[in-house]
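In what follows, a structure is listed as structure tokens, so that the remarks can point back to it.
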Amino acid sequence: MRLSNKVALITGAGSGIGREAALLFAKEGAQIVVCDLNESAGKETVSQIATQNGEAVFVRADVSKAADTKAMIEAAEAAYGKLNVLFNNAGIFHPADGSVLETEEDVWDLTMNVNLKGVFLGCKYGIPALLRAGGGSIINTASFVAMVGAATSQSAYTASKGGVLSLTREIAVEFARQNIRVNALCPGPVETPLLAELMSDPARRQRRLVHIPPGRLAQAQEIANAALFLASDESSFVNGSTFLVDGGITAA
Ligand code: NAD
């Protein structure tokens, strides 16, 4: 049990990477606060955790809204008395996100609000709770696209994830002496609903797979495994890192 006696809050836990992490963290002994904008998806994660005899509650929250984020942290402390792990994972990829020439202002704003401001708000309201618990671990989901220029053109998404890396480093240095570690998790392409539309065209999928050294997408479980390491005390000296789980895309 690598997370026994820990309380972990995971945003975007109604689907994909967040749901897999919630199931895995619960198996490892954590009490889970499942947060998502999508109530039915979040409640489904809670019921899957209950089926495996784990413990979880659902809190509906839009991570781009300060009031929701504040309430979500308060709900975690109300449910389990403390917060030890904060996984700022919720994110979107807007279908109309493209080259800077094509991307409309509303697409840029929405992407930034969820992907970057969401992480800012999670940390702003989550860090005081972690401090009350004597410290903890924050994991912010960025992406490999924050490390490379992508020929796929997704300017808002890429910029938002680059911002997550910078914010992560900033917080990691600021709070290290208060026993808080903050790391950015950078997945490569993962088989989740986020990529479903992009990958639904077989020719497009094939063009993408060519650039992934193992020739396949990651499974959400493979990203959750890395998140578990960052959440647990096994990573006690890992702080401010850009933790790549990308199958070697950025090495190619
Ligand atoms: P997903 O679409 O399967 O899940 C995302 C979840 O976030 C959904 O349940 C959705 O309802 C929730 N969500 C969306 N907006 C929200 C908001 N404003 N407030 C609260 N919840 C919200 O996606 P995923 O692939 O599991 O992505 C999880 C994270 O991983 C994202 O930050 C994404 O950018 C990142 N990521 C994904 C990939 C990939 O290829 N799938 C690669 C790199 C990084």
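Identifiers in the structure tokens: chain A, B, ... in order shown; residue index from 1 per chain; ligand index from 1 in order shown.
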- request: Would you mind listing the residues within 8 Å of ligand 1, counting only C-alpha atoms and all ligand atoms, as a PyMOL selection string?
  value: chain A and resi 11-19+35-38+41-42+60-65+88-93+113-115+118+141-145+157+161+186-195+217-218+220
Take the selection from the previous step and output its residues with N, CA and C atoms, as a compact mmCIF listing (two decimals), in the first residue's frame.
# COMPACT_ATOMS: atom_id res chain seq x y z
N THR A 11 -8.45 15.96 -10.16
CA THR A 11 -9.39 16.65 -11.04
C THR A 11 -9.42 15.95 -12.40
N GLY A 12 -10.56 16.05 -13.06
CA GLY A 12 -10.72 15.33 -14.33
C GLY A 12 -10.72 13.83 -14.10
N ALA A 13 -11.20 13.41 -12.93
CA ALA A 13 -11.15 11.98 -12.57
C ALA A 13 -12.35 11.20 -13.09
N GLY A 14 -13.15 11.84 -13.93
CA GLY A 14 -14.29 11.14 -14.51
C GLY A 14 -13.94 10.39 -15.79
N SER A 15 -12.71 10.50 -16.25
CA SER A 15 -12.36 9.91 -17.55
C SER A 15 -10.85 9.70 -17.64
N GLY A 16 -10.45 8.91 -18.61
CA GLY A 16 -9.05 8.81 -19.03
C GLY A 16 -8.03 8.63 -17.92
N ILE A 17 -7.01 9.47 -17.97
CA ILE A 17 -5.88 9.38 -17.04
C ILE A 17 -6.36 9.58 -15.59
N GLY A 18 -7.23 10.58 -15.40
CA GLY A 18 -7.71 10.88 -14.04
C GLY A 18 -8.45 9.71 -13.42
N ARG A 19 -9.32 9.06 -14.22
CA ARG A 19 -10.06 7.91 -13.67
C ARG A 19 -9.10 6.76 -13.34
N CYS A 35 -12.92 14.68 -8.61
CA CYS A 35 -13.49 15.96 -9.06
C CYS A 35 -13.63 15.96 -10.57
N ASP A 36 -14.74 16.44 -11.04
CA ASP A 36 -14.95 16.56 -12.49
C ASP A 36 -16.09 17.53 -12.73
N LEU A 37 -16.08 18.09 -13.93
CA LEU A 37 -17.18 18.93 -14.39
C LEU A 37 -18.38 18.07 -14.72
N ASN A 38 -18.10 16.86 -15.17
CA ASN A 38 -19.12 15.92 -15.62
C ASN A 38 -19.54 15.04 -14.44
N ALA A 41 -20.00 11.13 -15.02
CA ALA A 41 -18.70 10.46 -15.21
C ALA A 41 -17.95 10.35 -13.88
N GLY A 42 -17.99 11.42 -13.09
CA GLY A 42 -17.30 11.40 -11.81
C GLY A 42 -17.92 10.39 -10.85
N ARG A 60 -18.41 17.90 -7.71
CA ARG A 60 -18.47 18.53 -9.03
C ARG A 60 -17.76 19.88 -8.96
N ALA A 61 -16.84 20.11 -9.87
CA ALA A 61 -16.13 21.39 -9.89
C ALA A 61 -15.65 21.70 -11.30
N ASP A 62 -15.76 22.98 -11.65
CA ASP A 62 -15.13 23.48 -12.87
C ASP A 62 -13.82 24.10 -12.43
N VAL A 63 -12.70 23.49 -12.83
CA VAL A 63 -11.40 23.94 -12.32
C VAL A 63 -11.03 25.34 -12.79
N SER A 64 -11.74 25.86 -13.78
CA SER A 64 -11.43 27.21 -14.25
C SER A 64 -12.13 28.29 -13.42
N LYS A 65 -12.92 27.87 -12.44
CA LYS A 65 -13.68 28.81 -11.60
C LYS A 65 -13.14 28.81 -10.17
N ASN A 88 -3.66 17.89 -10.19
CA ASN A 88 -4.33 18.84 -11.09
C ASN A 88 -4.24 18.28 -12.51
N ASN A 89 -5.23 17.49 -12.87
CA ASN A 89 -5.15 16.71 -14.10
C ASN A 89 -6.15 17.14 -15.18
N ALA A 90 -7.23 17.80 -14.77
CA ALA A 90 -8.28 18.14 -15.75
C ALA A 90 -7.69 18.99 -16.87
N GLY A 91 -8.09 18.69 -18.08
CA GLY A 91 -7.61 19.47 -19.22
C GLY A 91 -8.48 19.22 -20.43
N ILE A 92 -8.41 20.17 -21.37
CA ILE A 92 -9.19 20.01 -22.61
C ILE A 92 -8.29 20.24 -23.82
N PHE A 93 -8.71 19.63 -24.91
CA PHE A 93 -8.11 19.93 -26.20
C PHE A 93 -9.25 20.33 -27.11
N ASN A 113 -7.97 28.91 -19.70
CA ASN A 113 -8.72 28.93 -18.44
C ASN A 113 -8.78 27.56 -17.78
N VAL A 114 -8.99 26.54 -18.58
CA VAL A 114 -9.07 25.18 -17.99
C VAL A 114 -7.66 24.64 -17.73
N ASN A 115 -6.80 24.66 -18.74
CA ASN A 115 -5.52 23.95 -18.65
C ASN A 115 -4.47 24.65 -17.79
N GLY A 118 -6.68 26.66 -14.39
CA GLY A 118 -7.17 25.58 -13.53
C GLY A 118 -6.08 25.05 -12.60
N THR A 141 -0.71 17.96 -14.56
CA THR A 141 -0.58 17.30 -15.86
C THR A 141 -0.29 18.33 -16.94
N ALA A 142 0.89 18.21 -17.55
CA ALA A 142 1.23 19.03 -18.72
C ALA A 142 1.13 18.11 -19.93
N SER A 143 2.13 18.08 -20.78
CA SER A 143 2.12 17.21 -21.96
C SER A 143 3.49 17.28 -22.62
N PHE A 144 3.82 16.24 -23.38
CA PHE A 144 5.09 16.28 -24.13
C PHE A 144 5.11 17.47 -25.10
N VAL A 145 3.93 17.95 -25.52
CA VAL A 145 3.92 19.06 -26.49
C VAL A 145 4.48 20.35 -25.90
N TYR A 157 -3.36 24.87 -26.86
CA TYR A 157 -3.07 23.71 -25.99
C TYR A 157 -1.59 23.66 -25.62
N LYS A 161 0.14 24.20 -21.83
CA LYS A 161 0.94 23.17 -21.16
C LYS A 161 2.35 23.68 -20.85
N CYS A 186 4.25 14.75 -17.87
CA CYS A 186 4.14 15.03 -19.31
C CYS A 186 3.90 13.77 -20.11
N PRO A 187 2.64 13.40 -20.30
CA PRO A 187 2.37 12.21 -21.11
C PRO A 187 2.61 12.47 -22.59
N GLY A 188 2.95 11.40 -23.31
CA GLY A 188 2.84 11.40 -24.76
C GLY A 188 1.39 11.15 -25.11
N PRO A 189 1.08 10.88 -26.39
CA PRO A 189 -0.32 10.62 -26.76
C PRO A 189 -0.87 9.38 -26.05
N VAL A 190 -2.04 9.52 -25.46
CA VAL A 190 -2.64 8.46 -24.64
C VAL A 190 -4.01 8.11 -25.22
N GLU A 191 -4.35 6.84 -25.20
CA GLU A 191 -5.65 6.36 -25.71
C GLU A 191 -6.74 6.75 -24.72
N THR A 192 -7.26 7.96 -24.85
CA THR A 192 -8.36 8.41 -23.98
C THR A 192 -9.37 9.18 -24.85
N PRO A 193 -10.54 9.50 -24.29
CA PRO A 193 -11.52 10.28 -25.06
C PRO A 193 -10.97 11.61 -25.58
N LEU A 194 -9.97 12.19 -24.89
CA LEU A 194 -9.41 13.48 -25.33
C LEU A 194 -8.87 13.41 -26.76
N LEU A 195 -8.28 12.27 -27.12
CA LEU A 195 -7.67 12.12 -28.44
C LEU A 195 -8.59 11.43 -29.43
N LEU A 217 0.01 4.26 -29.03
CA LEU A 217 -0.35 5.24 -28.00
C LEU A 217 -0.10 4.62 -26.63
N ALA A 218 0.03 5.46 -25.62
CA ALA A 218 0.10 4.96 -24.23
C ALA A 218 -1.31 4.58 -23.78
N ALA A 220 -3.89 4.74 -20.51
CA ALA A 220 -4.01 5.65 -19.37
C ALA A 220 -3.36 5.07 -18.11
Asn140 in chain A surroundings by only C-alpha atoms, 7 Å radius, close-in-sequence under 5 positions cut, as an NGL selection string: :A and (87-89 or 119 or 183-185)
Hey, can you spit out that residue selection with N, CA and C atoms as a short mmCIF file (atom, residue, chain, number, x, y, z; two decimals), in the first residue's frame?
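Writing the result to again.cif gives the following:
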data_model
loop_
_atom_site.label_atom_id
_atom_site.label_comp_id
_atom_site.auth_asym_id
_atom_site.auth_seq_id
_atom_site.Cartn_x
_atom_site.Cartn_y
_atom_site.Cartn_z
N PHE A 87 -3.78 16.22 -7.45
CA PHE A 87 -3.45 15.88 -8.83
C PHE A 87 -4.28 16.79 -9.74
N ASN A 88 -3.66 17.89 -10.19
CA ASN A 88 -4.33 18.84 -11.09
C ASN A 88 -4.24 18.28 -12.51
N ASN A 89 -5.23 17.49 -12.87
CA ASN A 89 -5.15 16.71 -14.10
C ASN A 89 -6.15 17.14 -15.18
N VAL A 119 -4.86 24.94 -13.13
CA VAL A 119 -3.74 24.48 -12.30
C VAL A 119 -3.36 25.56 -11.27
N ASN A 183 5.41 18.47 -9.15
CA ASN A 183 6.01 17.96 -10.38
C ASN A 183 5.01 18.04 -11.53
N ALA A 184 5.55 18.21 -12.74
CA ALA A 184 4.71 18.24 -13.94
C ALA A 184 4.82 16.90 -14.65
N LEU A 185 3.69 16.26 -14.83
CA LEU A 185 3.65 14.98 -15.52
C LEU A 185 3.38 15.26 -17.00
#
task: Name all residues at most 12 Å from Lys82 in chain A (count only C-alpha atoms; drop same-chain ones fewer than 2 positions away) and give them as a PyMOL selection string.
output: chain A and resi 5-9+30-33+73-80+84-86+126-136
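Considering only range 143-199 of chain A, backbone DSSP assigns strand (DSSP E or B) to Ile180, Arg181, Val182, Asn183, Ala184, Leu185, Cys186, Pro187 and Val190 of chain A.
The shortest atom-to-atom distance to Asp68 in chain A, with only C-alpha atoms taken into account, belongs to A:Leu121 out of A:Ala96, A:Leu116, A:Leu121, A:Leu24.
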